[in-house]
Amino acid sequence: MKRSAKKTRKKPRSPDEIAAEVRAQLAPAISAIGVIAKNSEFLNRIERLAATLALWGPKINLTAHPSDPDEIVFHIFDSIIPVSIAVSSKILRLSARLDRERRFLDIGSGAGFPGLVIAAAINAQVTLVEARRKRATFLSEAAVEMGLRNVRVECARAESLDVRGGFDLVTARAVGNHRGIFEIAGRGLHPGGVLMLYASAEQKFDEDAGAAAAAGLVDPSVAGYDLRHGRKMMSRAVATWCKGPSPAPQG
């Protein structure tokens, strides 16, 4: 009689092992991105983000596969590449010669993509807005684990916040209500500031032109890029608008 072979189950990787693999995948590629202030510091921060995501993700459904390094790497690249595209196109300026500190606003931050990734890469004060309390708690915990002192988490609906104060960049990824985003960006951006929406390559923004213009957003631009997600290539896009000049006072 033949003995049936025992099926061996693969031991699940620990959060630190997942994070180490994420770092190993990112390390050879991040220099080409061009907007990361300090590569080694960025890798350290992202490694801690990946470990925290792997620990929290299964509990509160942050991403589809929070223990898959390939998926985490996809989200990280998809968070920072649009910023690189906007800078190289001279839509977004990150010059160090500012007489004030840069301020960014990320709407619907969820698992920290793109807000925490941007905060890890760029010297700016980043406000993360997330209405779901458990996710907001995760964002606060992840920012601490990453050693980020430039992050503030607001557990609120974005439309309820007083965002006046002159943001340089407003970002939103996987947020469906574009018209609401336009209104918030119109209030929150200073003249010359940029709204950046992360999207799939198939997504169209033609019907949003009127809402964007009504919010004072001008110069729309869409740029596509391809990004590997596991074994597949994904076609992605970044759509940007600039805040126009304030209307001249009457009289």
# chains A, B, ... in the order shown; residues from 1 in each chain; ligands from 1
>>> select_by_dssp(residues="stretch 48-120 of chain A", states="alpha helix (DSSP H)", output="tab-separated table (two decimals) with C-alpha atoms, in the first residue's frame")
chain	number	residue	atom	x	y	z
A	48	ARG	CA	7.87	50.02	8.56
A	49	LEU	CA	4.72	50.96	6.63
A	50	ALA	CA	4.70	47.54	4.96
A	51	ALA	CA	5.13	45.75	8.28
A	52	THR	CA	2.33	47.76	9.89
A	53	LEU	CA	0.07	47.17	6.91
A	54	ALA	CA	0.75	43.41	7.03
A	55	LEU	CA	-0.13	43.40	10.73
A	56	TRP	CA	-3.28	45.55	10.56
A	57	GLY	CA	-4.52	44.75	7.07
A	58	PRO	CA	-6.22	41.40	7.73
A	59	LYS	CA	-8.05	42.89	10.72
A	60	ILE	CA	-9.62	45.95	9.09
A	69	PRO	CA	4.71	42.14	-1.05
A	70	ASP	CA	3.93	42.48	-4.78
A	71	GLU	CA	0.66	44.26	-4.04
A	72	ILE	CA	2.24	46.57	-1.48
A	73	VAL	CA	5.01	47.47	-3.94
A	74	PHE	CA	2.38	48.23	-6.59
A	75	HIS	CA	0.55	50.63	-4.27
A	76	ILE	CA	3.79	52.35	-3.26
A	77	PHE	CA	4.92	52.93	-6.85
A	78	ASP	CA	1.39	53.98	-7.81
A	79	SER	CA	1.49	56.55	-5.00
A	80	ILE	CA	4.78	58.23	-5.89
A	81	ILE	CA	5.12	57.88	-9.69
A	82	PRO	CA	2.29	60.40	-10.40
A	83	VAL	CA	4.13	62.95	-8.25
A	84	SER	CA	7.28	62.33	-10.28
A	85	ILE	CA	5.32	62.77	-13.53
A	86	ALA	CA	3.81	66.05	-12.34
A	87	VAL	CA	7.22	67.38	-11.27
A	88	SER	CA	8.97	66.36	-14.48
A	115	GLY	CA	-0.60	60.13	1.60
A	116	LEU	CA	1.83	58.21	3.81
A	117	VAL	CA	4.08	57.36	0.87
A	118	ILE	CA	4.27	61.02	-0.18
A	119	ALA	CA	4.96	62.06	3.42
A	120	ALA	CA	7.79	59.50	3.58
>>> residues_around(residues="stretch 138-155 of chain A", least_positions_apart="6", cutoff="7 Å", atoms="only C-alpha atoms", output="list of chain:residue names")
A:Arg45, A:Arg48, A:Leu49, A:Thr52, A:Ala111, A:Gly112, A:Ala119, A:Ala124, A:Gln125, A:Val126, A:Thr127, A:Leu128, A:Val129, A:Glu130, A:Ala131, A:Arg132
>>> residues_around(residues="stretch 220-223 of chain A", least_positions_apart="5", cutoff="6 Å", atoms="only C-alpha atoms", output="NGL selection string")
:A and (237-241)
>>> write_last_selection(atoms="N, CA and C atoms", output="PDB file, in the first residue's frame")
ATOM      1  N   ALA A 237      -3.207  56.219 -14.721  1.00  0.00           N
ATOM      2  CA  ALA A 237      -3.173  57.605 -15.185  1.00  0.00           C
ATOM      3  C   ALA A 237      -3.218  58.547 -13.989  1.00  0.00           C
ATOM      4  N   VAL A 238      -2.667  59.727 -14.196  1.00  0.00           N
ATOM      5  CA  VAL A 238      -2.774  60.791 -13.208  1.00  0.00           C
ATOM      6  C   VAL A 238      -3.376  62.012 -13.907  1.00  0.00           C
ATOM      7  N   ALA A 239      -4.430  62.556 -13.303  1.00  0.00           N
ATOM      8  CA  ALA A 239      -5.090  63.746 -13.832  1.00  0.00           C
ATOM      9  C   ALA A 239      -4.810  64.914 -12.899  1.00  0.00           C
ATOM     10  N   THR A 240      -4.424  66.052 -13.464  1.00  0.00           N
ATOM     11  CA  THR A 240      -4.093  67.217 -12.653  1.00  0.00           C
ATOM     12  C   THR A 240      -4.829  68.460 -13.130  1.00  0.00           C
ATOM     13  N   TRP A 241      -5.075  69.343 -12.182  1.00  0.00           N
ATOM     14  CA  TRP A 241      -5.611  70.674 -12.441  1.00  0.00           C
ATOM     15  C   TRP A 241      -4.839  71.644 -11.567  1.00  0.00           C
TER      16      TRP A 241
END
>>> select_by_dssp(residues="stretch 3-162 of chain A", states="strand (DSSP E or B)", output="list in words")
Arg103, Phe104, Leu105, Asp106, Ile107, Gln125, Val126, Thr127, Leu128, Val129, Val151, Arg152, Val153 and Glu154 of chain A
>>> write_last_selection(atoms="N, CA and C atoms", output="tab-separated table (two decimals), in the first residue's frame")
chain	number	residue	atom	x	y	z
A	103	ARG	N	2.62	72.39	2.06
A	103	ARG	CA	1.50	71.75	2.74
A	103	ARG	C	0.70	70.94	1.73
A	104	PHE	N	0.51	69.64	2.04
A	104	PHE	CA	-0.23	68.73	1.16
A	104	PHE	C	-1.46	68.23	1.90
A	105	LEU	N	-2.51	67.91	1.14
A	105	LEU	CA	-3.74	67.37	1.69
A	105	LEU	C	-4.13	66.13	0.90
A	106	ASP	N	-4.28	65.00	1.60
A	106	ASP	CA	-4.68	63.75	0.95
A	106	ASP	C	-6.08	63.38	1.43
A	107	ILE	N	-7.01	63.24	0.49
A	107	ILE	CA	-8.42	63.01	0.81
A	107	ILE	C	-8.75	61.53	0.65
A	125	GLN	N	4.45	69.18	5.08
A	125	GLN	CA	3.45	68.85	6.09
A	125	GLN	C	2.24	68.24	5.38
A	126	VAL	N	1.90	67.01	5.72
A	126	VAL	CA	0.87	66.27	5.00
A	126	VAL	C	-0.30	65.99	5.93
A	127	THR	N	-1.48	66.44	5.54
A	127	THR	CA	-2.71	66.17	6.29
A	127	THR	C	-3.45	65.03	5.61
A	128	LEU	N	-3.73	63.97	6.35
A	128	LEU	CA	-4.46	62.82	5.85
A	128	LEU	C	-5.88	62.88	6.37
A	129	VAL	N	-6.85	62.80	5.46
A	129	VAL	CA	-8.25	62.87	5.84
A	129	VAL	C	-8.89	61.52	5.58
A	151	VAL	N	3.12	64.43	9.63
A	151	VAL	CA	1.80	63.92	9.26
A	151	VAL	C	0.78	64.26	10.34
A	152	ARG	N	-0.37	64.74	9.89
A	152	ARG	CA	-1.51	64.94	10.79
A	152	ARG	C	-2.69	64.16	10.21
A	153	VAL	N	-3.38	63.41	11.05
A	153	VAL	CA	-4.52	62.61	10.61
A	153	VAL	C	-5.81	63.26	11.12
A	154	GLU	N	-6.73	63.50	10.20
A	154	GLU	CA	-8.06	64.03	10.53
A	154	GLU	C	-9.09	62.94	10.30
>>> residues_around(residues="A:Val22", least_positions_apart="3", cutoff="7 Å", atoms="only C-alpha atoms", output="PyMOL selection string")
chain A and resi 18-19+25-26+47+69+73
>>> write_last_selection(atoms="N, CA and C atoms", output="compact mmCIF listing (two decimals), in the first residue's frame")
# COMPACT_ATOMS: atom_id res chain seq x y z
N ILE A 18 7.69 40.21 5.31
CA ILE A 18 6.99 40.84 4.19
C ILE A 18 7.60 42.21 3.91
N ALA A 19 7.85 42.97 4.98
CA ALA A 19 8.41 44.31 4.82
C ALA A 19 9.81 44.27 4.21
N GLN A 25 12.46 44.83 -3.18
CA GLN A 25 11.92 45.12 -4.51
C GLN A 25 12.03 46.60 -4.86
N LEU A 26 11.85 47.46 -3.87
CA LEU A 26 11.86 48.90 -4.12
C LEU A 26 13.27 49.45 -4.33
N GLU A 47 9.54 50.41 4.73
CA GLU A 47 9.64 49.08 5.32
C GLU A 47 8.75 48.97 6.56
N PRO A 69 3.74 41.07 -0.76
CA PRO A 69 4.71 42.14 -1.05
C PRO A 69 4.51 42.77 -2.43
N VAL A 73 4.09 46.75 -3.05
CA VAL A 73 5.01 47.47 -3.94
C VAL A 73 4.23 48.21 -5.03
>>> atom_distance(atom1="atom CA of A:Lys204", atom2="atom CA of A:Leu92")
21.6 Å
>>> residues_around(residues="A:Ala172", least_positions_apart="4", cutoff="8 Å", atoms="only C-alpha atoms", output="list in words")
Asp106, Ile107, Gly108, Ser109, Pro114, Ile181, Met196, Leu197 and Tyr198 of chain A
>>> closest_residue(among="A:Lys243, A:His190, A:Lys232, A:Lys90", to="A:Ala214", atoms="only C-alpha atoms")
A:Lys243
>>> atom_distance(atom1="atom CA of A:Ile184", atom2="atom CA of A:Gly166")
11.7 Å
>>> atom_distance(atom1="atom CA of A:Gly176", atom2="atom CA of A:Met234")
19.3 Å
>>> residues_around(residues="A:Glu159", least_positions_apart="3", cutoff="9 Å", atoms="only C-alpha atoms", output="PDB file with C-alpha atoms, in the first residue's frame")
ATOM      1  CA  ALA A 156     -13.621  63.351   9.425  1.00  0.00           C
ATOM      2  CA  ASP A 162     -12.092  73.942   7.142  1.00  0.00           C
ATOM      3  CA  VAL A 163      -9.338  73.512   4.556  1.00  0.00           C
ATOM      4  CA  GLY A 180     -16.824  66.915  -4.270  1.00  0.00           C
ATOM      5  CA  ILE A 181     -13.043  66.707  -4.622  1.00  0.00           C
ATOM      6  CA  GLU A 183     -14.985  71.786  -4.500  1.00  0.00           C
ATOM      7  CA  ILE A 184     -12.637  70.899  -1.630  1.00  0.00           C
TER       8      ILE A 184
END
>>> closest_residue(among="A:Ala136, A:Ile33, A:Ala27, A:Ala64", to="A:Ile122", atoms="only C-alpha atoms")
A:Ile33
